[in-house]
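Asker: Below is the structure I would like to discuss, written out as structure tokens.
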Amino acid sequence: MEYKDYYQILGVPREAAADEIKKAFRRLARKYHPDVSKEPDAESRMQDINEAHAVLSDPEKRAAYDQLGRGYRPGQDFTPPPDWGSDFAFSGHGFSPDEAAGFSDFFAELFGRMGGGGPGFAGGRAADARRRGDDHQARVLLEVEDAFTGATRQISLRTPQIDAHGRRSVHTRTLNVKIPPGVYAGQVIRLAGQGAAGMGGAPPGDLLLEVRFRPHARYRVSGRDVCLTLPVTPWEAALGAVVSVDLPLGSLKVRIPPGAQSGRQVRVRGKGIPGPTPGDLLLDLQLVLPPADTARARALYETMARELAFNPRQEARR
């Protein structure tokens, strides 16, 4: 993915005022709009111009974009910093999926789930003397264990702001959020009254927290299903066994069927993330051989080699 310098695209300095950005956009639009332009790259240039204007004309998105710093060059390979955007709270003002469909992967990676069109985007409401505050949207990063047990997490949110003089800043606030058991990736937790302030005595908006899970050393999550790798011994796989699996809510006894092979998946229904319809626990069996590091262990392997007459490569010769 390539980094896009929106200021360079519009030909304005980073300190440009809102009026300068608007004038630059209008000037470039007259030159590159596909309906009137004779430039060979008019369509692609106009897409870049629209995207740059969409970000730099939005005070919140511009303030957040500026947090990336100045160390990137246009066209340079770009990967957002780890968890970028997880601690930003954006208002409901934004762009519908149709409006943003022509924007780049760079835009989608930074703003794809932030600032989508919401109630505050409806035409005419900005002029109302009394108006409910906009909803804010942000992400909350949780551990997989939180989905089983619930938790209270302290989160810090940065809200991009712009003052009456056009100066951009980022306001930070801290909240204690109660996470109920059974949350899943993509779920939205609504915190009433924690969004933007209302106008004319109207109530504030809400804070909408989208749940994301941090990568886990053991668990892999898909919806409410939880998958993990379960090491088993050769005799457990060959003869069948009941083994103990450690989960966030305690250990669980699981039956391994006789003749199980490495790579087979065992499904335990209803033992994934809890909920009205709980997910399943998916166990990927991994056959682990004991080392032949003693005389006794080596003798046992030699006995198996003589008496079992097993060749796993025989099928490949047919």
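Ordering of the structure tokens sets the chain letters (A, B, ...); residue numbers start at 1 within each chain; ligands are numbered from 1 in the order shown.
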Do a neighbour search on region 290-296 of chain A at 12 Å with only C-alpha atoms, toss out local chain neighbours closer than 3 positions, and write the hits as a list in words.

Answerer: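 These residues fall inside the cut-off: Pro231, Val232, Thr233, Pro234, Trp235, Leu287, Ala299, Leu300, Tyr301, Glu302 and Thr303 of chain A.
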
Asker: Convert the current residue selection to file output with C-alpha atoms, as a PDB file, in the first residue's frame.

Answerer:
```
ATOM      1  CA  PRO A 231      -0.885 -31.311  21.091  1.00  0.00           C
ATOM      2  CA  VAL A 232      -1.515 -35.072  21.478  1.00  0.00           C
ATOM      3  CA  THR A 233       0.777 -38.077  21.932  1.00  0.00           C
ATOM      4  CA  PRO A 234       0.972 -40.923  19.395  1.00  0.00           C
ATOM      5  CA  TRP A 235      -0.822 -43.323  21.766  1.00  0.00           C
ATOM      6  CA  LEU A 287       0.729 -35.122  16.873  1.00  0.00           C
ATOM      7  CA  ALA A 299      14.559 -49.367  22.125  1.00  0.00           C
ATOM      8  CA  LEU A 300      10.809 -48.712  22.061  1.00  0.00           C
ATOM      9  CA  TYR A 301      11.078 -46.923  18.710  1.00  0.00           C
ATOM     10  CA  GLU A 302      13.169 -49.800  17.312  1.00  0.00           C
ATOM     11  CA  THR A 303      10.523 -52.299  18.461  1.00  0.00           C
TER      12      THR A 303
END
```

Asker: Between A:Gly201, A:Gly75, A:Gly133, A:Pro59, which one has atoms that come closest to Ile9 (chain A), using only C-alpha atoms?

Answerer: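 Of the candidates, the smallest distance to Ile9 (chain A) is held by A:Gly75.
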
Asker: Which of these residues is nearest to Phe213 (chain A), using only C-alpha atoms: A:Gly186, A:Gly263, A:Pro257, A:Gly195?

Answerer: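 Distance minimum relative to Phe213 (chain A) lands on A:Gly186.
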
Asker: Between A:Arg14, A:Asp280, A:Leu285, A:Asp77, which has the minimum distance to Gln265 (chain A) (counting only C-alpha atoms)?

Answerer: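 Among the listed residues, A:Leu285 lies closest to Gln265 (chain A).
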